Amino acid sequence: MNPNITSLGGVCSVLLGVLSAVAGLVYFLLPEQQRLGGWLRWASNLAVVGFAVSGVGSFIVLGRLPAIAAAFERGDAATQAALAAVWRTTLDPFGLWGYGAIGLWILTVALTMARQTDSHFPAALGYLGIVAAVVHWLVPIAFLARMPFLFYVVAAAG
């Protein structure tokens, strides 16, 4: 594996986590959001934590993944088998925060959009958000139920 590509992938995931956290915080701080119901405020708080966990997890991966990849390449079959089983270095091993909590926030926002008749957004966008929330929830379900084929579903939908 090319270490430059690994480093670039880590930097991109960190940037994605930081930008997602900024987007979540900006949305959380909007004055209109404070007028909405408690469910949306609660889900927004969960999403901010989920974005933060994803961002910190990306920083951890950025620092550790090149060393793990190098050890995998240098190792024998037993070392490679051991590293393949435990290579994930994250704060959220099942994606409950990074995908589950953010999926709940997406669902809450989407339901709010779909229900409001005076919204600037079309109701169809709200229904698309419901689909996106379900796709987000498939990631933790795939980890917890050990159903890797769901990752293909998520990748195809993404």
# chains A, B, ... in the order shown; residues from 1 in each chain; ligands from 1
$ select_by_dssp --residues "region 21-116 of chain A" --states "alpha helix (DSSP H)" --output "mmCIF file with N, CA and C atoms, in the first residue's frame"
data_model
loop_
_atom_site.group_PDB
_atom_site.id
_atom_site.type_symbol
_atom_site.label_atom_id
_atom_site.label_comp_id
_atom_site.auth_asym_id
_atom_site.auth_seq_id
_atom_site.Cartn_x
_atom_site.Cartn_y
_atom_site.Cartn_z
ATOM 1 N N ALA A 21 -18.490 18.441 11.697
ATOM 2 C CA ALA A 21 -18.690 19.014 13.031
ATOM 3 C C ALA A 21 -19.028 20.497 12.940
ATOM 4 N N VAL A 22 -18.358 21.211 12.047
ATOM 5 C CA VAL A 22 -18.664 22.633 11.873
ATOM 6 C C VAL A 22 -20.091 22.804 11.362
ATOM 7 N N ALA A 23 -20.496 21.984 10.393
ATOM 8 C CA ALA A 23 -21.864 22.071 9.874
ATOM 9 C C ALA A 23 -22.881 21.779 10.968
ATOM 10 N N GLY A 24 -22.607 20.773 11.786
ATOM 11 C CA GLY A 24 -23.511 20.458 12.886
ATOM 12 C C GLY A 24 -23.591 21.578 13.904
ATOM 13 N N LEU A 25 -22.455 22.172 14.235
ATOM 14 C CA LEU A 25 -22.452 23.274 15.191
ATOM 15 C C LEU A 25 -23.158 24.506 14.642
ATOM 16 N N VAL A 26 -22.937 24.813 13.364
ATOM 17 C CA VAL A 26 -23.614 25.960 12.759
ATOM 18 C C VAL A 26 -25.117 25.747 12.784
ATOM 19 N N TYR A 27 -25.551 24.551 12.410
ATOM 20 C CA TYR A 27 -26.979 24.271 12.438
ATOM 21 C C TYR A 27 -27.521 24.366 13.859
ATOM 22 N N PHE A 28 -26.774 23.844 14.807
ATOM 23 C CA PHE A 28 -27.201 23.858 16.204
ATOM 24 C C PHE A 28 -27.342 25.280 16.729
ATOM 25 N N LEU A 29 -26.519 26.191 16.260
ATOM 26 C CA LEU A 29 -26.525 27.558 16.755
ATOM 27 C C LEU A 29 -27.482 28.480 16.004
ATOM 28 N N PRO A 31 -30.694 30.486 15.050
ATOM 29 C CA PRO A 31 -31.805 30.914 15.891
ATOM 30 C C PRO A 31 -33.104 30.182 15.581
ATOM 31 N N GLU A 32 -33.383 29.846 14.291
ATOM 32 C CA GLU A 32 -34.637 29.154 13.976
ATOM 33 C C GLU A 32 -34.711 27.796 14.658
ATOM 34 N N GLN A 33 -33.566 27.171 14.808
ATOM 35 C CA GLN A 33 -33.545 25.840 15.393
ATOM 36 C C GLN A 33 -34.016 25.888 16.834
ATOM 37 N N GLN A 34 -33.762 26.963 17.529
ATOM 38 C CA GLN A 34 -34.158 27.070 18.926
ATOM 39 C C GLN A 34 -35.671 27.140 19.069
ATOM 40 N N ARG A 35 -36.380 27.586 18.019
ATOM 41 C CA ARG A 35 -37.833 27.675 18.089
ATOM 42 C C ARG A 35 -38.504 26.342 17.795
ATOM 43 N N GLY A 38 -38.517 20.097 20.980
ATOM 44 C CA GLY A 38 -37.462 19.512 21.790
ATOM 45 C C GLY A 38 -36.781 18.325 21.142
ATOM 46 N N TRP A 39 -37.523 17.565 20.318
ATOM 47 C CA TRP A 39 -36.922 16.403 19.665
ATOM 48 C C TRP A 39 -35.798 16.818 18.732
ATOM 49 N N LEU A 40 -36.023 17.890 17.985
ATOM 50 C CA LEU A 40 -35.002 18.344 17.053
ATOM 51 C C LEU A 40 -33.783 18.876 17.800
ATOM 52 N N ARG A 41 -34.009 19.582 18.882
ATOM 53 C CA ARG A 41 -32.896 20.095 19.685
ATOM 54 C C ARG A 41 -32.114 18.926 20.295
ATOM 55 N N TRP A 42 -32.832 17.917 20.801
ATOM 56 C CA TRP A 42 -32.185 16.749 21.403
ATOM 57 C C TRP A 42 -31.384 15.979 20.362
ATOM 58 N N ALA A 43 -31.982 15.757 19.190
ATOM 59 C CA ALA A 43 -31.278 15.037 18.121
ATOM 60 C C ALA A 43 -30.079 15.838 17.628
ATOM 61 N N SER A 44 -30.188 17.158 17.605
ATOM 62 C CA SER A 44 -29.060 17.996 17.193
ATOM 63 C C SER A 44 -27.897 17.860 18.168
ATOM 64 N N ASN A 45 -28.200 17.796 19.454
ATOM 65 C CA ASN A 45 -27.136 17.594 20.449
ATOM 66 C C ASN A 45 -26.451 16.250 20.247
ATOM 67 N N LEU A 46 -27.237 15.214 19.996
ATOM 68 C CA LEU A 46 -26.646 13.895 19.725
ATOM 69 C C LEU A 46 -25.777 13.935 18.470
ATOM 70 N N ALA A 47 -26.243 14.631 17.440
ATOM 71 C CA ALA A 47 -25.474 14.711 16.189
ATOM 72 C C ALA A 47 -24.164 15.450 16.398
ATOM 73 N N VAL A 48 -24.178 16.501 17.201
ATOM 74 C CA VAL A 48 -22.926 17.227 17.463
ATOM 75 C C VAL A 48 -21.926 16.300 18.143
ATOM 76 N N VAL A 49 -22.404 15.495 19.098
ATOM 77 C CA VAL A 49 -21.513 14.530 19.755
ATOM 78 C C VAL A 49 -21.039 13.491 18.731
ATOM 79 N N GLY A 50 -21.942 13.030 17.864
ATOM 80 C CA GLY A 50 -21.562 12.066 16.839
ATOM 81 C C GLY A 50 -20.519 12.613 15.880
ATOM 82 N N PHE A 51 -20.693 13.874 15.461
ATOM 83 C CA PHE A 51 -19.695 14.496 14.587
ATOM 84 C C PHE A 51 -18.366 14.652 15.309
ATOM 85 N N ALA A 52 -18.411 15.008 16.592
ATOM 86 C CA ALA A 52 -17.164 15.164 17.358
ATOM 87 C C ALA A 52 -16.449 13.823 17.507
ATOM 88 N N VAL A 53 -17.189 12.772 17.818
ATOM 89 C CA VAL A 53 -16.588 11.441 17.945
ATOM 90 C C VAL A 53 -15.974 11.019 16.610
ATOM 91 N N SER A 54 -16.653 11.289 15.504
ATOM 92 C CA SER A 54 -16.110 10.948 14.189
ATOM 93 C C SER A 54 -14.843 11.734 13.886
ATOM 94 N N GLY A 55 -14.838 13.014 14.220
ATOM 95 C CA GLY A 55 -13.658 13.838 13.971
ATOM 96 C C GLY A 55 -12.459 13.396 14.782
ATOM 97 N N VAL A 56 -12.678 13.141 16.070
ATOM 98 C CA VAL A 56 -11.573 12.684 16.925
ATOM 99 C C VAL A 56 -11.101 11.305 16.468
ATOM 100 N N GLY A 57 -12.046 10.440 16.107
ATOM 101 C CA GLY A 57 -11.672 9.121 15.605
ATOM 102 C C GLY A 57 -10.843 9.204 14.335
ATOM 103 N N SER A 58 -11.147 10.175 13.473
ATOM 104 C CA SER A 58 -10.364 10.363 12.247
ATOM 105 C C SER A 58 -8.941 10.800 12.564
ATOM 106 N N PHE A 59 -8.779 11.660 13.570
ATOM 107 C CA PHE A 59 -7.431 12.059 13.978
ATOM 108 C C PHE A 59 -6.650 10.866 14.521
ATOM 109 N N ILE A 60 -7.319 9.994 15.265
ATOM 110 C CA ILE A 60 -6.648 8.808 15.797
ATOM 111 C C ILE A 60 -6.204 7.894 14.655
ATOM 112 N N VAL A 61 -7.099 7.680 13.692
ATOM 113 C CA VAL A 61 -6.768 6.827 12.547
ATOM 114 C C VAL A 61 -5.623 7.424 11.745
ATOM 115 N N LEU A 62 -5.635 8.733 11.575
ATOM 116 C CA LEU A 62 -4.582 9.394 10.814
ATOM 117 C C LEU A 62 -3.208 9.117 11.416
ATOM 118 N N GLY A 63 -3.119 9.075 12.721
ATOM 119 C CA GLY A 63 -1.838 8.837 13.365
ATOM 120 C C GLY A 63 -1.424 7.375 13.405
ATOM 121 N N ARG A 64 -2.393 6.460 13.477
ATOM 122 C CA ARG A 64 -2.054 5.058 13.692
ATOM 123 C C ARG A 64 -2.100 4.183 12.449
ATOM 124 N N LEU A 65 -2.911 4.522 11.467
ATOM 125 C CA LEU A 65 -3.099 3.636 10.319
ATOM 126 C C LEU A 65 -1.831 3.407 9.502
ATOM 127 N N PRO A 66 -0.986 4.407 9.253
ATOM 128 C CA PRO A 66 0.234 4.109 8.493
ATOM 129 C C PRO A 66 1.140 3.083 9.196
ATOM 130 N N ALA A 67 1.245 3.155 10.517
ATOM 131 C CA ALA A 67 2.063 2.181 11.246
ATOM 132 C C ALA A 67 1.435 0.788 11.190
ATOM 133 N N ILE A 68 0.129 0.723 11.282
ATOM 134 C CA ILE A 68 -0.553 -0.580 11.206
ATOM 135 C C ILE A 68 -0.381 -1.174 9.810
ATOM 136 N N ALA A 69 -0.509 -0.344 8.771
ATOM 137 C CA ALA A 69 -0.333 -0.832 7.397
ATOM 138 C C ALA A 69 1.087 -1.327 7.166
ATOM 139 N N ALA A 70 2.065 -0.595 7.699
ATOM 140 C CA ALA A 70 3.464 -1.019 7.544
ATOM 141 C C ALA A 70 3.722 -2.336 8.271
ATOM 142 N N ALA A 71 3.168 -2.480 9.472
ATOM 143 C CA ALA A 71 3.334 -3.737 10.220
ATOM 144 C C ALA A 71 2.653 -4.894 9.496
ATOM 145 N N PHE A 72 1.523 -4.617 8.858
ATOM 146 C CA PHE A 72 0.819 -5.659 8.112
ATOM 147 C C PHE A 72 1.656 -6.121 6.922
ATOM 148 N N GLU A 73 2.248 -5.171 6.214
ATOM 149 C CA GLU A 73 3.060 -5.532 5.052
ATOM 150 C C GLU A 73 4.316 -6.296 5.439
ATOM 151 N N ARG A 74 4.936 -5.954 6.560
ATOM 152 C CA ARG A 74 6.176 -6.622 6.995
ATOM 153 C C ARG A 74 5.913 -7.953 7.705
ATOM 154 N N ALA A 77 2.148 -14.412 8.092
ATOM 155 C CA ALA A 77 0.719 -14.711 7.965
ATOM 156 C C ALA A 77 -0.016 -14.569 9.299
ATOM 157 N N ALA A 78 0.613 -14.984 10.400
ATOM 158 C CA ALA A 78 -0.037 -14.883 11.712
ATOM 159 C C ALA A 78 -0.210 -13.419 12.132
ATOM 160 N N THR A 79 0.813 -12.617 11.877
ATOM 161 C CA THR A 79 0.726 -11.185 12.199
ATOM 162 C C THR A 79 -0.343 -10.519 11.354
ATOM 163 N N GLN A 80 -0.395 -10.851 10.085
ATOM 164 C CA GLN A 80 -1.401 -10.264 9.209
ATOM 165 C C GLN A 80 -2.810 -10.663 9.637
ATOM 166 N N ALA A 81 -2.982 -11.923 10.043
ATOM 167 C CA ALA A 81 -4.300 -12.365 10.507
ATOM 168 C C ALA A 81 -4.702 -11.625 11.784
ATOM 169 N N ALA A 82 -3.753 -11.431 12.689
ATOM 170 C CA ALA A 82 -4.057 -10.719 13.938
ATOM 171 C C ALA A 82 -4.386 -9.251 13.661
ATOM 172 N N LEU A 83 -3.629 -8.616 12.782
ATOM 173 C CA LEU A 83 -3.893 -7.213 12.470
ATOM 174 C C LEU A 83 -5.194 -7.035 11.698
ATOM 175 N N ALA A 84 -5.519 -7.989 10.835
ATOM 176 C CA ALA A 84 -6.763 -7.888 10.075
ATOM 177 C C ALA A 84 -7.978 -7.926 10.995
ATOM 178 N N ALA A 85 -7.849 -8.631 12.119
ATOM 179 C CA ALA A 85 -8.970 -8.744 13.048
ATOM 180 C C ALA A 85 -9.139 -7.507 13.912
ATOM 181 N N VAL A 86 -8.060 -6.775 14.177
ATOM 182 C CA VAL A 86 -8.143 -5.669 15.142
ATOM 183 C C VAL A 86 -7.580 -4.360 14.600
ATOM 184 N N ILE A 102 -26.117 10.442 14.176
ATOM 185 C CA ILE A 102 -26.269 11.364 13.044
ATOM 186 C C ILE A 102 -27.471 10.958 12.190
ATOM 187 N N GLY A 103 -27.700 9.652 12.052
ATOM 188 C CA GLY A 103 -28.890 9.188 11.338
ATOM 189 C C GLY A 103 -30.173 9.606 12.033
ATOM 190 N N LEU A 104 -30.171 9.580 13.365
ATOM 191 C CA LEU A 104 -31.346 10.045 14.114
ATOM 192 C C LEU A 104 -31.580 11.529 13.874
ATOM 193 N N TRP A 105 -30.513 12.310 13.838
ATOM 194 C CA TRP A 105 -30.638 13.744 13.561
ATOM 195 C C TRP A 105 -31.177 13.973 12.151
ATOM 196 N N ILE A 106 -30.645 13.226 11.179
ATOM 197 C CA ILE A 106 -31.129 13.362 9.804
ATOM 198 C C ILE A 106 -32.608 13.026 9.740
ATOM 199 N N LEU A 107 -33.019 11.959 10.432
ATOM 200 C CA LEU A 107 -34.432 11.575 10.438
ATOM 201 C C LEU A 107 -35.296 12.667 11.056
ATOM 202 N N THR A 108 -34.855 13.238 12.157
ATOM 203 C CA THR A 108 -35.628 14.274 12.828
ATOM 204 C C THR A 108 -35.771 15.511 11.944
ATOM 205 N N VAL A 109 -34.676 15.917 11.320
ATOM 206 C CA VAL A 109 -34.729 17.074 10.412
ATOM 207 C C VAL A 109 -35.622 16.750 9.214
ATOM 208 N N ALA A 110 -35.493 15.556 8.670
ATOM 209 C CA ALA A 110 -36.279 15.174 7.497
ATOM 210 C C ALA A 110 -37.771 15.126 7.818
ATOM 211 N N LEU A 111 -38.127 14.587 8.972
ATOM 212 C CA LEU A 111 -39.544 14.551 9.354
ATOM 213 C C LEU A 111 -40.080 15.956 9.575
ATOM 214 N N THR A 112 -39.266 16.810 10.152
ATOM 215 C CA THR A 112 -39.673 18.204 10.337
ATOM 216 C C THR A 112 -39.895 18.878 8.990
ATOM 217 N N MET A 113 -38.992 18.639 8.047
ATOM 218 C CA MET A 113 -39.135 19.225 6.712
ATOM 219 C C MET A 113 -40.366 18.682 5.998
ATOM 220 N N ALA A 114 -40.616 17.388 6.130
ATOM 221 C CA ALA A 114 -41.739 16.771 5.421
ATOM 222 C C ALA A 114 -43.083 17.232 5.997
ATOM 223 N N ARG A 115 -43.124 17.547 7.288
ATOM 224 C CA ARG A 115 -44.381 17.940 7.925
ATOM 225 C C ARG A 115 -44.719 19.410 7.740
#
$ residues_around --residues "Pro140 (chain A)" --least-positions-apart "5" --cutoff "8 Å" --atoms "only C-alpha atoms" --output "list in words"
Phe94, Gly95, Leu96, Tyr99 and Gly100 of chain A
$ closest_residue --among "A:Leu91, A:Pro148, A:Asp76, A:Val154" --to "Val135 (chain A)" --atoms "only C-alpha atoms"
A:Val154
$ closest_residue --among "A:Ala157, A:Leu150, A:Ala142, A:Ala123" --to "Pro93 (chain A)" --atoms "only C-alpha atoms"
A:Ala142
